[in-house]
Amino acid sequence: MQIIDDARQRAPIPISDRALAKAINVSPPRVANLFSHSHGSPTLREFLALCSVLQISPSQTLDAALANVAAEDNPEASAGTGESTPIESSVPDMSGWTADEQADYVAEHLDQFDFAAKYGDTEREQEAFEEQP
């Protein structure tokens, strides 16, 4: 979410939680929770909608997130260079694809997106889903 938050901060016109919530079809508290890193990670639909609204590439955003995770897991690999090592990805650049095309690709290639998968308290996730409008 930090990468998406950075993109939000760089937007030429500030976007409020309420406006962002309306644009991605979730509640304003859900947007606040996402950006405060509480109550779980974004769903795939939320991630794609955020990328679309903020006009950032979902595949590049995911690649950057994976590189950050790899750097956190292996700090020696990026030590001395001052930068993280990008992770090779077989995921195509989906920046020109519609949200439906992106979702279809992800659904057909779940093994490439296991870092974005939700694991954990399914009861809490179901309650959060039911709170959505």
# chains A, B, ... in the order shown; residues from 1 in each chain; ligands from 1
$ residues_around --residues "Arg45 in chain A" --least-positions-apart "3" --cutoff "9 Å" --atoms "only C-alpha atoms" --output "short mmCIF file (atom, residue, chain, number, x, y, z; two decimals) with C-alpha atoms, in the first residue's frame"
data_model
loop_
_atom_site.label_atom_id
_atom_site.label_comp_id
_atom_site.auth_asym_id
_atom_site.auth_seq_id
_atom_site.Cartn_x
_atom_site.Cartn_y
_atom_site.Cartn_z
CA ILE A 24 -13.34 2.52 -6.24
CA PRO A 42 -6.62 -4.65 -0.42
CA LEU A 48 -6.92 -2.80 -9.60
CA ALA A 49 -9.42 0.00 -8.97
CA LEU A 50 -6.85 2.02 -7.00
CA ALA A 99 -9.71 -3.97 -15.44
CA ALA A 103 -8.70 -9.63 -13.52
#
$ atom_distance --atom1 "CA of Leu34 in chain A" --atom2 "CA of Met1 in chain A"
7.2 Å
$ closest_residue --among "A:Gln60, A:Leu20, A:Phe47, A:Asp104" --to "Pro92 in chain A" --atoms "only C-alpha atoms"
A:Gln60
$ closest_residue --among "A:Ser27, A:Ser52, A:Asn68, A:Ser36" --to "Ala128 in chain A" --atoms "only C-alpha atoms"
A:Ser27
